[in-house]
Amino acid sequence: MTNLPHRPRRLRSSAATRRIVRETHTAASQLVLPMFVAEGIDEPRPISSMPGVVQHTRDSAKKAYREAAELGLGGVMLFGVPEHKDATGSGALDPQGILNLAIADARAEVGDDLLVMSDLCLDEFTDHGHCGVLDDRGRVDNDATLAVYARMGVAQAEAGAHWVGPSGMMDGQVGVIRAALDAAGHDDVAIIAYTAKYASAFYGPFREAVDSSLQGDRRTYQQDPANAREALRELDLDLAEGADVVMVKPALGYLDLVAKVRERTDVPVAAYNVSGEYAMVEAAAAQGWIDRDRAIEETVTSIRRAGADIVLTYWAAELASRLR
């Protein structure tokens, strides 16, 4: 036998050995389940591009909140799908709007046993599908949008959100929302900032999930996929404005950014395993081209290994069930 002083394979020789030296672990409490709650439907509506994911009714969502809490998930991230939209996204501010009702339902079901997080953006509520209000030239008006975001943050806090997630990539959004929450007496509501949100092709199935009305694209406010240093500038700005948690979205194509953000800050880092990443695995598995269960675990492990403390993933409940 060759005299080799170092044999790394010794620590891969059995399942028990691999288990005890494993460097990266995922717990149910680190997983957040994104959920879509729709107005005007009588039963859950399947999302064709995201097999296994649905637009929930308020009643079916209540069951999912309870299950998420029982599984020990870290939280749910709620998105509303309204029946009616307008140019300013007024449904986002309405206490009887679908998202605010879903938040209230979730808090009534789970109390503080599960974090109720809410998407703070106008894209689901505007008839043009953009993340803000438009100016006379049809461009997203940053500062006019900030005023709406401030009111939306307070509305979500009053509905019962533990965390609000501004995802529109407007300049100054975190600071404006923080000031509004504090002024309204909601200083205990945390902000999970979509710090590095890229103009990605991997959001395609999400557009179906929220019945998007998008006209054009979002490249003037979401980040260019080619840029990394820009994300770190966004990080510094969000931290200065009071972000409690920062997030990178998408996750898989941006693991380098997850790692860079983790190295630069000591606040919790989240990453969003987005709809297109989910759909690719599900589609390939349906063809028998990959091992679905292993691919799911490998996907989420890679995000955790890159440095994410929190992973938003549509597989959250399934993975939590396996971890049991």
# chains A, B, ... in the order shown; residues from 1 in each chain; ligands from 1
call {"tool": "residues_around", "arguments": {"residues": "Val246 of chain A", "least_positions_apart": "4", "cutoff": "9 Å", "atoms": "only C-alpha atoms", "output": "ChimeraX atom specification"}}
result
/A:191-196,235,238-239,261,267-271
call {"tool": "select_by_dssp", "arguments": {"residues": "segment 90-323 of chain A", "states": "strand (DSSP E or B)", "output": "PyMOL selection string"}}
result
chain A and resi 115-120+126+134+140+163-166+190-198+223+245-249+269-273+310-313
call {"tool": "write_last_selection", "arguments": {"atoms": "N, CA, C and O atoms", "output": "CSV table (one decimal), in the first residue's frame"}}
result
chain,number,residue,atom,x,y,z
A,115,LEU,N,-43.0,33.6,12.6
A,115,LEU,CA,-42.9,35.0,12.1
A,115,LEU,C,-43.8,35.2,10.8
A,115,LEU,O,-43.7,34.4,9.9
A,116,VAL,N,-44.6,36.2,10.9
A,116,VAL,CA,-45.4,36.6,9.8
A,116,VAL,C,-44.7,37.8,9.1
A,116,VAL,O,-44.5,38.9,9.6
A,117,MET,N,-44.2,37.5,7.8
A,117,MET,CA,-43.5,38.5,7.0
A,117,MET,C,-44.4,38.9,5.8
A,117,MET,O,-45.1,38.0,5.3
A,118,SER,N,-44.2,40.1,5.4
A,118,SER,CA,-45.1,40.6,4.3
A,118,SER,C,-44.2,41.3,3.3
A,118,SER,O,-43.3,42.0,3.6
A,119,ASP,N,-44.5,41.0,2.0
A,119,ASP,CA,-43.9,41.7,0.9
A,119,ASP,C,-44.4,43.1,0.8
A,119,ASP,O,-45.6,43.3,0.8
A,120,LEU,N,-43.5,44.1,0.9
A,120,LEU,CA,-43.8,45.5,0.9
A,120,LEU,C,-43.4,46.0,-0.5
A,120,LEU,O,-42.3,46.5,-0.7
A,126,THR,N,-50.6,47.1,-8.8
A,126,THR,CA,-50.6,48.1,-9.9
A,126,THR,C,-51.1,47.5,-11.2
A,126,THR,O,-50.6,46.4,-11.6
A,134,LEU,N,-46.0,55.7,-11.3
A,134,LEU,CA,-45.4,56.2,-12.5
A,134,LEU,C,-45.5,57.7,-12.6
A,134,LEU,O,-46.5,58.3,-12.1
A,140,VAL,N,-40.9,54.9,-13.2
A,140,VAL,CA,-41.2,54.8,-11.8
A,140,VAL,C,-40.6,56.0,-11.1
A,140,VAL,O,-39.4,56.3,-11.1
A,163,TRP,N,-42.4,41.2,10.5
A,163,TRP,CA,-41.3,41.7,9.6
A,163,TRP,C,-42.0,42.2,8.3
A,163,TRP,O,-42.9,41.6,7.8
A,164,VAL,N,-41.5,43.3,7.8
A,164,VAL,CA,-41.9,43.8,6.5
A,164,VAL,C,-40.7,43.7,5.6
A,164,VAL,O,-39.6,44.0,6.0
A,165,GLY,N,-41.0,43.4,4.3
A,165,GLY,CA,-39.9,43.2,3.4
A,165,GLY,C,-40.0,44.1,2.2
A,165,GLY,O,-40.6,43.7,1.1
A,166,PRO,N,-39.4,45.3,2.2
A,166,PRO,CA,-39.5,46.2,1.1
A,166,PRO,C,-38.6,45.6,-0.1
A,166,PRO,O,-37.4,45.4,0.1
A,190,ALA,N,-39.7,44.5,12.5
A,190,ALA,CA,-38.4,44.5,11.8
A,190,ALA,C,-38.5,44.7,10.3
A,190,ALA,O,-39.5,44.4,9.7
A,191,ILE,N,-37.4,45.1,9.7
A,191,ILE,CA,-37.3,45.3,8.3
A,191,ILE,C,-36.4,44.3,7.7
A,191,ILE,O,-35.2,44.3,8.1
A,192,ILE,N,-36.9,43.4,6.8
A,192,ILE,CA,-36.0,42.5,6.1
A,192,ILE,C,-35.8,43.1,4.7
A,192,ILE,O,-36.8,43.0,3.9
A,193,ALA,N,-34.7,43.7,4.5
A,193,ALA,CA,-34.5,44.5,3.3
A,193,ALA,C,-34.1,43.6,2.1
A,193,ALA,O,-33.1,42.8,2.2
A,194,TYR,N,-34.7,43.8,1.0
A,194,TYR,CA,-34.3,43.2,-0.3
A,194,TYR,C,-33.1,44.0,-0.7
A,194,TYR,O,-33.3,44.9,-1.6
A,195,THR,N,-31.9,43.8,-0.2
A,195,THR,CA,-30.8,44.6,-0.4
A,195,THR,C,-30.2,44.5,-1.8
A,195,THR,O,-29.9,45.5,-2.5
A,196,ALA,N,-30.0,43.3,-2.3
A,196,ALA,CA,-29.5,43.1,-3.6
A,196,ALA,C,-30.5,42.2,-4.4
A,196,ALA,O,-30.5,41.0,-4.3
A,197,LYS,N,-31.4,42.9,-5.0
A,197,LYS,CA,-32.4,42.3,-5.8
A,197,LYS,C,-32.1,42.6,-7.3
A,197,LYS,O,-32.2,43.7,-7.7
A,198,TYR,N,-31.9,41.5,-8.0
A,198,TYR,CA,-31.4,41.6,-9.4
A,198,TYR,C,-32.5,41.5,-10.4
A,198,TYR,O,-33.5,40.9,-10.2
A,223,GLN,N,-31.2,45.5,-9.9
A,223,GLN,CA,-29.8,45.6,-10.2
A,223,GLN,C,-29.4,44.8,-11.5
A,223,GLN,O,-30.1,43.8,-11.8
A,245,VAL,N,-32.4,42.9,8.8
A,245,VAL,CA,-32.0,41.7,8.1
A,245,VAL,C,-31.8,42.1,6.6
A,245,VAL,O,-32.5,43.0,6.1
A,246,VAL,N,-30.8,41.6,6.0
A,246,VAL,CA,-30.6,41.9,4.5
A,246,VAL,C,-30.7,40.7,3.7
A,246,VAL,O,-30.5,39.6,4.2
A,247,MET,N,-31.1,40.9,2.4
A,247,MET,CA,-31.4,39.7,1.6
A,247,MET,C,-30.8,39.9,0.2
A,247,MET,O,-30.7,41.0,-0.3
A,248,VAL,N,-30.4,38.7,-0.4
A,248,VAL,CA,-30.0,38.6,-1.7
A,248,VAL,C,-31.0,37.8,-2.5
A,248,VAL,O,-31.4,36.8,-2.1
A,249,LYS,N,-31.4,38.3,-3.7
A,249,LYS,CA,-32.4,37.7,-4.5
A,249,LYS,C,-32.1,37.9,-6.0
A,249,LYS,O,-31.9,39.0,-6.4
A,269,VAL,N,-28.3,37.4,7.4
A,269,VAL,CA,-28.4,37.5,5.9
A,269,VAL,C,-29.4,36.4,5.4
A,269,VAL,O,-29.3,35.3,5.8
A,270,ALA,N,-30.3,36.9,4.6
A,270,ALA,CA,-31.3,36.0,4.0
A,270,ALA,C,-31.0,35.8,2.5
A,270,ALA,O,-30.3,36.7,1.9
A,271,ALA,N,-31.5,34.8,1.9
A,271,ALA,CA,-31.4,34.6,0.4
A,271,ALA,C,-32.7,34.0,-0.1
A,271,ALA,O,-33.2,33.1,0.6
A,272,TYR,N,-33.2,34.4,-1.2
A,272,TYR,CA,-34.5,33.9,-1.7
A,272,TYR,C,-34.2,33.0,-2.9
A,272,TYR,O,-33.7,33.4,-3.9
A,273,ASN,N,-34.5,31.7,-2.7
A,273,ASN,CA,-34.5,30.7,-3.7
A,273,ASN,C,-35.7,30.8,-4.5
A,273,ASN,O,-36.8,30.3,-4.2
A,310,ILE,N,-30.8,32.6,6.7
A,310,ILE,CA,-32.3,32.4,6.4
A,310,ILE,C,-32.4,32.1,4.9
A,310,ILE,O,-31.9,32.9,4.1
A,311,VAL,N,-33.2,31.1,4.6
A,311,VAL,CA,-33.5,30.8,3.2
A,311,VAL,C,-35.0,30.8,3.0
A,311,VAL,O,-35.7,30.1,3.6
A,312,LEU,N,-35.4,31.7,2.1
A,312,LEU,CA,-36.8,31.7,1.6
A,312,LEU,C,-36.9,30.7,0.4
A,312,LEU,O,-36.2,30.8,-0.6
A,313,THR,N,-37.7,29.7,0.6
A,313,THR,CA,-37.8,28.6,-0.4
A,313,THR,C,-39.2,28.0,-0.4
A,313,THR,O,-39.8,27.8,0.6
call {"tool": "select_by_dssp", "arguments": {"residues": "segment 75-312 of chain A", "states": "helix (DSSP H, G or I)", "output": "VMD selection string"}}
result
chain A and resid 90 to 92 98 to 110 142 to 159 173 to 183 201 to 209 229 to 241 252 to 264 275 to 286 292 to 306
call {"tool": "residues_around", "arguments": {"residues": "Val154 of chain A", "least_positions_apart": "5", "cutoff": "10 Å", "atoms": "only C-alpha atoms", "output": "number ranges by chain"}}
result
A: 93, 149, 159-161, 164, 177-178, 180-186, 189
call {"tool": "closest_residue", "arguments": {"among": "A:Arg322, A:Arg218, A:Lys63, A:His56", "to": "Glu43 of chain A", "atoms": "only C-alpha atoms"}}
result
A:His56
call {"tool": "residues_around", "arguments": {"residues": "Gly132 of chain A", "least_positions_apart": "5", "cutoff": "7 Å", "atoms": "only C-alpha atoms", "output": "ChimeraX atom specification"}}
result
/A:122-123,140-141,145
call {"tool": "write_last_selection", "arguments": {"atoms": "all heavy atoms", "output": "mmCIF file, in the first residue's frame"}}
result
data_model
loop_
_atom_site.group_PDB
_atom_site.id
_atom_site.type_symbol
_atom_site.label_atom_id
_atom_site.label_comp_id
_atom_site.auth_asym_id
_atom_site.auth_seq_id
_atom_site.Cartn_x
_atom_site.Cartn_y
_atom_site.Cartn_z
ATOM 1 N N LEU A 122 -45.453 47.346 -4.544
ATOM 2 C CA LEU A 122 -46.709 47.658 -5.211
ATOM 3 C C LEU A 122 -46.979 46.827 -6.455
ATOM 4 O O LEU A 122 -48.048 46.935 -7.051
ATOM 5 C CB LEU A 122 -46.738 49.149 -5.597
ATOM 6 C CG LEU A 122 -46.807 50.141 -4.446
ATOM 7 C CD1 LEU A 122 -46.746 51.567 -4.977
ATOM 8 C CD2 LEU A 122 -48.068 49.939 -3.620
ATOM 9 N N ASP A 123 -46.028 46.000 -6.873
ATOM 10 C CA ASP A 123 -46.161 45.365 -8.190
ATOM 11 C C ASP A 123 -47.393 44.484 -8.318
ATOM 12 O O ASP A 123 -47.999 44.405 -9.386
ATOM 13 C CB ASP A 123 -44.897 44.585 -8.557
ATOM 14 C CG ASP A 123 -44.566 43.494 -7.564
ATOM 15 O OD1 ASP A 123 -44.750 43.703 -6.345
ATOM 16 O OD2 ASP A 123 -44.105 42.430 -7.990
ATOM 17 N N VAL A 140 -40.926 54.926 -13.242
ATOM 18 C CA VAL A 140 -41.210 54.775 -11.817
ATOM 19 C C VAL A 140 -40.636 55.973 -11.063
ATOM 20 O O VAL A 140 -39.444 56.263 -11.144
ATOM 21 C CB VAL A 140 -40.623 53.463 -11.281
ATOM 22 C CG1 VAL A 140 -40.815 53.374 -9.767
ATOM 23 C CG2 VAL A 140 -41.279 52.264 -11.954
ATOM 24 N N ASP A 141 -41.505 56.669 -10.352
ATOM 25 C CA ASP A 141 -41.136 57.858 -9.586
ATOM 26 C C ASP A 141 -40.652 57.415 -8.205
ATOM 27 O O ASP A 141 -41.457 57.005 -7.361
ATOM 28 C CB ASP A 141 -42.348 58.788 -9.471
ATOM 29 C CG ASP A 141 -42.024 60.116 -8.817
ATOM 30 O OD1 ASP A 141 -41.200 60.139 -7.885
ATOM 31 O OD2 ASP A 141 -42.609 61.140 -9.230
ATOM 32 N N THR A 145 -43.038 57.063 -4.812
ATOM 33 C CA THR A 145 -43.225 55.675 -4.375
ATOM 34 C C THR A 145 -42.861 55.512 -2.909
ATOM 35 O O THR A 145 -43.532 54.776 -2.168
ATOM 36 C CB THR A 145 -42.402 54.726 -5.250
ATOM 37 O OG1 THR A 145 -42.837 54.844 -6.612
ATOM 38 C CG2 THR A 145 -42.545 53.282 -4.799
#
call {"tool": "closest_residue", "arguments": {"among": "A:Glu109, A:Glu124, A:Asp256, A:Asp217", "to": "Arg229 of chain A", "atoms": "only C-alpha atoms"}}
result
A:Asp256
call {"tool": "atom_distance", "arguments": {"atom1": "atom CA of Pro250 of chain A", "atom2": "atom CA of Asp309 of chain A"}}
result
15.0 Å
call {"tool": "residues_around", "arguments": {"residues": "Arg262 of chain A", "least_positions_apart": "4", "cutoff": "8 Å", "atoms": "only C-alpha atoms", "output": "list in words"}}
result
Val258, Asp266, Val269, Gly307 and Ala308 of chain A
call {"tool": "write_last_selection", "arguments": {"atoms": "N, CA and C atoms", "output": "PDB file, in the first residue's frame"}}
result
ATOM      1  N   VAL A 258     -24.102  36.347  -1.888  1.00  0.00           N
ATOM      2  CA  VAL A 258     -24.456  35.912  -0.536  1.00  0.00           C
ATOM      3  C   VAL A 258     -23.199  35.867   0.325  1.00  0.00           C
ATOM      4  N   ASP A 266     -22.629  41.970  10.066  1.00  0.00           N
ATOM      5  CA  ASP A 266     -22.919  41.028  11.146  1.00  0.00           C
ATOM      6  C   ASP A 266     -24.411  40.922  11.430  1.00  0.00           C
ATOM      7  N   VAL A 269     -28.340  37.430   7.382  1.00  0.00           N
ATOM      8  CA  VAL A 269     -28.387  37.479   5.921  1.00  0.00           C
ATOM      9  C   VAL A 269     -29.391  36.434   5.433  1.00  0.00           C
ATOM     10  N   GLY A 307     -23.452  31.269   3.093  1.00  0.00           N
ATOM     11  CA  GLY A 307     -23.492  32.200   4.211  1.00  0.00           C
ATOM     12  C   GLY A 307     -24.862  32.690   4.615  1.00  0.00           C
ATOM     13  N   ALA A 308     -25.925  32.220   3.974  1.00  0.00           N
ATOM     14  CA  ALA A 308     -27.274  32.672   4.329  1.00  0.00           C
ATOM     15  C   ALA A 308     -27.714  32.070   5.654  1.00  0.00           C
TER      16      ALA A 308
END
call {"tool": "closest_residue", "arguments": {"among": "A:Ala87, A:Ser275, A:Leu252, A:Gly111", "to": "Ala209 of chain A", "atoms": "only C-alpha atoms"}}
result
A:Ser275
call {"tool": "closest_residue", "arguments": {"among": "A:Val176, A:Ala61, A:Ile103, A:Ala144", "to": "Cys131 of chain A", "atoms": "only C-alpha atoms"}}
result
A:Ala144
call {"tool": "closest_residue", "arguments": {"among": "A:Ser321, A:His25, A:Ser212, A:Gly52", "to": "Glu298 of chain A", "atoms": "only C-alpha atoms"}}
result
A:His25
call {"tool": "atom_distance", "arguments": {"atom1": "atom CA of Ile20 of chain A", "atom2": "atom CA of Gly253 of chain A"}}
result
29.4 Å
call {"tool": "atom_distance", "arguments": {"atom1": "atom CA of Val148 of chain A", "atom2": "atom CA of Cys121 of chain A"}}
result
9.3 Å
call {"tool": "closest_residue", "arguments": {"among": "A:Met169, A:Gln156, A:Gly129, A:Ala15", "to": "Ser213 of chain A", "atoms": "only C-alpha atoms"}}
result
A:Gly129
call {"tool": "residues_around", "arguments": {"residues": "Gly40 of chain A", "least_positions_apart": "5", "cutoff": "12 Å", "atoms": "only C-alpha atoms", "output": "VMD selection string"}}
result
chain A and resid 45 55 to 58 80 to 84 97 to 98
call {"tool": "residues_around", "arguments": {"residues": "segment 316-318 of chain A", "least_positions_apart": "5", "cutoff": "7 Å", "atoms": "only C-alpha atoms", "output": "PyMOL selection string"}}
result
chain A and resi 31-33+68
call {"tool": "write_last_selection", "arguments": {"atoms": "N, CA, C and O atoms", "output": "CSV table (one decimal), in the first residue's frame"}}
result
chain,number,residue,atom,x,y,z
A,31,LEU,N,-35.8,28.3,7.7
A,31,LEU,CA,-36.5,28.3,6.4
A,31,LEU,C,-37.8,29.2,6.5
A,31,LEU,O,-38.5,29.1,7.5
A,32,VAL,N,-38.0,29.9,5.4
A,32,VAL,CA,-39.2,30.7,5.3
A,32,VAL,C,-40.0,30.3,4.1
A,32,VAL,O,-39.4,30.1,3.0
A,33,LEU,N,-41.3,30.1,4.2
A,33,LEU,CA,-42.2,29.7,3.1
A,33,LEU,C,-42.9,30.9,2.5
A,33,LEU,O,-43.7,31.5,3.1
A,68,ALA,N,-47.2,25.4,9.0
A,68,ALA,CA,-45.8,25.9,9.1
A,68,ALA,C,-45.3,26.1,10.5
A,68,ALA,O,-44.2,25.8,10.8
